[in-house]
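Written out below as structure tokens is the structure these notes cover.
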Amino acid sequence: MKNQPRIFNTISELHKAMGQPKPLHPLISILNYGEAVFEPTDFENGIVLDFYKISFKTNFTGKLRYGHGFYDFEEGGMSFVSPGQVLKMQEEEADYSGMSLNIHPDFFRPYSLNENIKKYGFFSYSAAEALYLSEKEKETILGVFINIQNELNERIDHFSQDVIISQIELLLNYSNRFYNRQFITRKAVNNDVLSKLENLLEDYFNSEKPQENGLPTVQYVADELQLSSRYLSDLLRSTSGQNTQQFIHDKLIEKAKEYIAKGTFSVSEIAYKLGFEHPQSFNKLFKKKTNTSPIEFKELFNKN
């Protein structure tokens, strides 16, 4: 259909569209971007892959988009796509240098990786949340890609699948480590996100939105910050030790304490102003976070 993304059900179909030979294995391949032939019309409306795609780009001056918009990968790095995501590219001035590992889920279906791969949150990140690599990290990642490529090209035997699976797990674990490093080293960017989130929640609770829309959700704040919900939670864990839901609840309790201290509203009115449908839910959360009920907390101010 017109304006619909092009769907690739098999890795072989992707290789053909890229102008590359049929992969040696139907369920896994290394695609070299330096040798690929792109047709802009193939990607005009995006593509959807029925398999995982881990891209390592050392020199990518084109742009790629899925999620919130286009992102420039000129600095190089890694991106991760899980089956079913819409991937869009701009091809007109793209200069690719790197490769992608394409893995159909059937390749690791009998292995523990079948379940473990779901634990790697970066497959839920958007393109703008790419992994930037240091020179040493690039060498490490490139080494794993080469090991997989060599195994596919030269050593097809009874142990090949086991070896490749272990290399994929190594690649994912390195990526996890490097993402954690990135959260730490990009403190200025992370603190900016944290500040924007605090302001967003402050404005939300000071408006009529809680009464109209209820409590702010993780997805709502992530969308407002133009981040994926998984990336935002992982970022917050690295900076504050909390996930997004916990962060929202803390800000909510701070606002509740302000209302209680003013003594203008009843507990039920405060619960409504903050977006709760039932005061009991507010009471339960307040006690969980403060080890005291709203009524007991209110009495502390009445005594003073």
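Each chain in the structure tokens gets a letter, A, B and so on, in the order shown; residues start at 1 in every chain, and ligands are counted from 1 in the order they appear.
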| query | Contacts of stretch 139-152 of chain A at 10 Å or less, counting only C-alpha atoms, minus same-chain residues fewer than 3 places along, as a ChimeraX atom specification? | reply | /A:23-25,28-31,56-58,77-78,98-101,133-136,155-157,159-161,163-168,170-172,174-175
**stretch 55-301 of chain A: residues DSSP assigns to alpha helix (DSSP H), reported as a PyMOL selection string** = chain A and resi 113-116+135-154+160-185+187-205+209-213+218-224+229-240+244-262+267-273+279-290+294-301
Serialized selection, C-alpha atoms, as a CSV table (one decimal), in the first residue's frame:
```
chain,number,residue,atom,x,y,z
A,113,LEU,CA,19.3,-15.6,24.9
A,114,ASN,CA,15.7,-16.0,23.7
A,115,GLU,CA,14.5,-14.7,27.1
A,116,ASN,CA,17.6,-12.7,28.1
A,135,GLU,CA,38.1,4.7,20.3
A,136,LYS,CA,38.9,1.8,22.6
A,137,GLU,CA,35.2,0.8,22.8
A,138,LYS,CA,35.0,0.9,19.0
A,139,GLU,CA,37.9,-1.5,18.7
A,140,THR,CA,36.2,-3.8,21.2
A,141,ILE,CA,32.9,-3.8,19.4
A,142,LEU,CA,34.5,-4.1,16.0
A,143,GLY,CA,36.5,-7.1,17.3
A,144,VAL,CA,33.2,-8.9,18.2
A,145,PHE,CA,31.6,-8.2,14.9
A,146,ILE,CA,34.7,-9.6,13.1
A,147,ASN,CA,34.6,-12.7,15.2
A,148,ILE,CA,31.0,-13.3,14.2
A,149,GLN,CA,31.7,-12.6,10.6
A,150,ASN,CA,34.7,-15.0,10.6
A,151,GLU,CA,32.6,-17.7,12.2
A,152,LEU,CA,29.9,-17.3,9.6
A,153,ASN,CA,32.4,-17.2,6.7
A,154,GLU,CA,34.9,-19.9,7.7
A,160,SER,CA,29.2,-22.7,15.1
A,161,GLN,CA,25.9,-21.7,16.5
A,162,ASP,CA,27.1,-22.0,20.1
A,163,VAL,CA,30.1,-19.9,19.4
A,164,ILE,CA,28.1,-17.2,17.6
A,165,ILE,CA,25.5,-17.1,20.3
A,166,SER,CA,28.2,-16.5,22.9
A,167,GLN,CA,29.6,-13.7,20.7
A,168,ILE,CA,26.2,-12.1,20.5
A,169,GLU,CA,25.8,-12.2,24.3
A,170,LEU,CA,29.3,-10.7,24.6
A,171,LEU,CA,28.3,-7.9,22.2
A,172,LEU,CA,25.1,-7.2,24.2
A,173,ASN,CA,27.0,-7.2,27.5
A,174,TYR,CA,29.6,-4.8,26.2
A,175,SER,CA,26.8,-2.5,24.9
A,176,ASN,CA,25.2,-2.6,28.3
A,177,ARG,CA,28.5,-1.7,30.0
A,178,PHE,CA,29.2,1.1,27.5
A,179,TYR,CA,25.7,2.6,27.9
A,180,ASN,CA,26.1,2.7,31.7
A,181,ARG,CA,29.4,4.5,31.1
A,182,GLN,CA,27.6,6.9,28.8
A,183,PHE,CA,25.0,7.7,31.4
A,184,ILE,CA,27.9,8.6,33.8
A,185,THR,CA,30.1,10.6,31.4
A,187,LYS,CA,26.3,14.2,33.2
A,188,ALA,CA,25.7,17.7,31.8
A,189,VAL,CA,23.1,16.3,29.3
A,190,ASN,CA,21.5,14.1,32.0
A,191,ASN,CA,21.3,16.9,34.5
A,192,ASP,CA,19.5,19.0,31.8
A,193,VAL,CA,17.0,16.2,31.3
A,194,LEU,CA,16.5,16.0,35.1
A,195,SER,CA,15.9,19.7,35.4
A,196,LYS,CA,13.4,19.6,32.5
A,197,LEU,CA,11.6,16.7,34.2
A,198,GLU,CA,11.3,18.5,37.5
A,199,ASN,CA,10.0,21.6,35.8
A,200,LEU,CA,7.5,19.5,33.7
A,201,LEU,CA,6.1,17.9,36.8
A,202,GLU,CA,6.0,21.2,38.7
A,203,ASP,CA,4.0,22.8,35.9
A,204,TYR,CA,1.7,19.7,35.6
A,205,PHE,CA,0.8,19.7,39.3
A,209,LYS,CA,-4.2,18.7,34.2
A,210,PRO,CA,-4.3,16.4,37.2
A,211,GLN,CA,-8.1,16.9,37.5
A,212,GLU,CA,-8.5,16.6,33.8
A,213,ASN,CA,-6.1,13.8,32.9
A,218,VAL,CA,5.7,7.5,32.6
A,219,GLN,CA,4.8,7.6,28.9
A,220,TYR,CA,3.5,11.1,29.2
A,221,VAL,CA,6.6,12.6,30.7
A,222,ALA,CA,8.9,10.6,28.3
A,223,ASP,CA,6.9,12.0,25.3
A,224,GLU,CA,7.1,15.5,26.6
A,229,SER,CA,10.3,5.7,28.3
A,230,ARG,CA,12.9,3.0,28.8
A,231,TYR,CA,15.8,5.3,28.2
A,232,LEU,CA,14.4,7.9,30.6
A,233,SER,CA,14.0,5.3,33.4
A,234,ASP,CA,17.6,4.0,32.8
A,235,LEU,CA,18.9,7.6,32.8
A,236,LEU,CA,17.2,8.4,36.0
A,237,ARG,CA,18.4,5.3,37.7
A,238,SER,CA,22.0,6.3,36.9
A,239,THR,CA,21.5,9.9,38.2
A,240,SER,CA,19.1,9.5,41.1
A,244,THR,CA,10.6,7.4,36.3
A,245,GLN,CA,7.6,6.1,38.2
A,246,GLN,CA,9.4,6.5,41.5
A,247,PHE,CA,10.6,10.0,40.5
A,248,ILE,CA,7.0,11.0,39.7
A,249,HIS,CA,5.7,9.7,43.0
A,250,ASP,CA,8.4,11.6,44.9
A,251,LYS,CA,7.5,14.9,43.2
A,252,LEU,CA,3.8,14.1,43.8
A,253,ILE,CA,4.4,13.6,47.6
A,254,GLU,CA,6.4,16.8,47.8
A,255,LYS,CA,3.4,18.7,46.3
A,256,ALA,CA,1.1,16.9,48.6
A,257,LYS,CA,3.1,18.0,51.6
A,258,GLU,CA,3.0,21.6,50.4
A,259,TYR,CA,-0.8,21.5,50.2
A,260,ILE,CA,-1.0,19.9,53.7
A,261,ALA,CA,1.3,22.4,55.2
A,262,LYS,CA,-0.9,25.3,53.9
A,267,VAL,CA,-7.0,15.3,52.4
A,268,SER,CA,-9.7,14.3,49.9
A,269,GLU,CA,-9.4,17.7,48.1
A,270,ILE,CA,-5.7,17.3,47.9
A,271,ALA,CA,-6.0,13.8,46.5
A,272,TYR,CA,-8.4,15.2,43.8
A,273,LYS,CA,-6.1,18.1,43.0
A,279,PRO,CA,-8.5,9.3,48.3
A,280,GLN,CA,-7.7,5.8,49.5
A,281,SER,CA,-5.1,5.4,46.7
A,282,PHE,CA,-3.5,8.7,47.7
A,283,ASN,CA,-3.4,7.7,51.4
A,284,LYS,CA,-1.8,4.4,50.5
A,285,LEU,CA,0.9,6.0,48.4
A,286,PHE,CA,1.6,8.8,50.9
A,287,LYS,CA,2.0,6.3,53.7
A,288,LYS,CA,4.2,4.1,51.6
A,289,LYS,CA,6.6,7.0,50.8
A,290,THR,CA,6.6,8.7,54.2
A,294,PRO,CA,-1.8,12.4,55.4
A,295,ILE,CA,-3.9,13.0,58.5
A,296,GLU,CA,-1.0,12.2,60.8
A,297,PHE,CA,1.3,14.4,58.8
A,298,LYS,CA,-1.3,17.2,58.9
A,299,GLU,CA,-1.5,16.9,62.7
A,300,LEU,CA,2.2,17.7,63.0
A,301,PHE,CA,1.5,21.2,61.6
```
Using Å and a single decimal, report how far atom CA of A:Tyr33 sits from atom CA of A:Phe123.
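Computed distance, atom CA of A:Phe123 to atom CA of A:Tyr33, equals 20.6 Å.
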By how many Å are atom CA of A:Ile47 and atom CA of A:Phe108 apart?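 Straight-line distance from atom CA of A:Ile47 to atom CA of A:Phe108 works out to 23.2 Å.
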Hey, what's within 10 Å of A:Thr10 if we count only C-alpha atoms and toss same-chain stuff fewer than 3 positions away? As a PDB file with C-alpha atoms, in the first residue's frame, please?
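Once written, out32.pdb looks like this:
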```
ATOM      1  CA  ILE A   7       8.308  -4.926   5.513  1.00  0.00           C
ATOM      2  CA  GLU A  13      15.087  -9.855   1.518  1.00  0.00           C
ATOM      3  CA  LEU A  14      17.056  -7.092   3.221  1.00  0.00           C
ATOM      4  CA  HIS A  15      20.314  -8.201   1.567  1.00  0.00           C
ATOM      5  CA  PRO A  26      19.201 -17.524   6.475  1.00  0.00           C
ATOM      6  CA  LEU A  27      18.782 -16.467  10.111  1.00  0.00           C
ATOM      7  CA  ILE A  28      21.867 -14.342  10.747  1.00  0.00           C
ATOM      8  CA  LEU A  49      12.224  -5.661  10.118  1.00  0.00           C
ATOM      9  CA  ASP A  50      11.028  -9.022  11.403  1.00  0.00           C
ATOM     10  CA  PHE A  51      14.385  -9.534  13.137  1.00  0.00           C
ATOM     11  CA  ASN A 102      20.964  -9.006  11.630  1.00  0.00           C
ATOM     12  CA  ILE A 103      19.583 -11.819  13.792  1.00  0.00           C
ATOM     13  CA  HIS A 104      16.260 -13.552  13.371  1.00  0.00           C
TER      14      HIS A 104
END
```
Next on the checklist: So the first atom is atom CA of A:Val48 and the second is atom CA of A:Asn9; what is the distance between them in Å, to one decimal place?
Outcome noted: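 Spanning atom CA of A:Val48 to atom CA of A:Asn9 is a straight-line distance of 8.4 Å.
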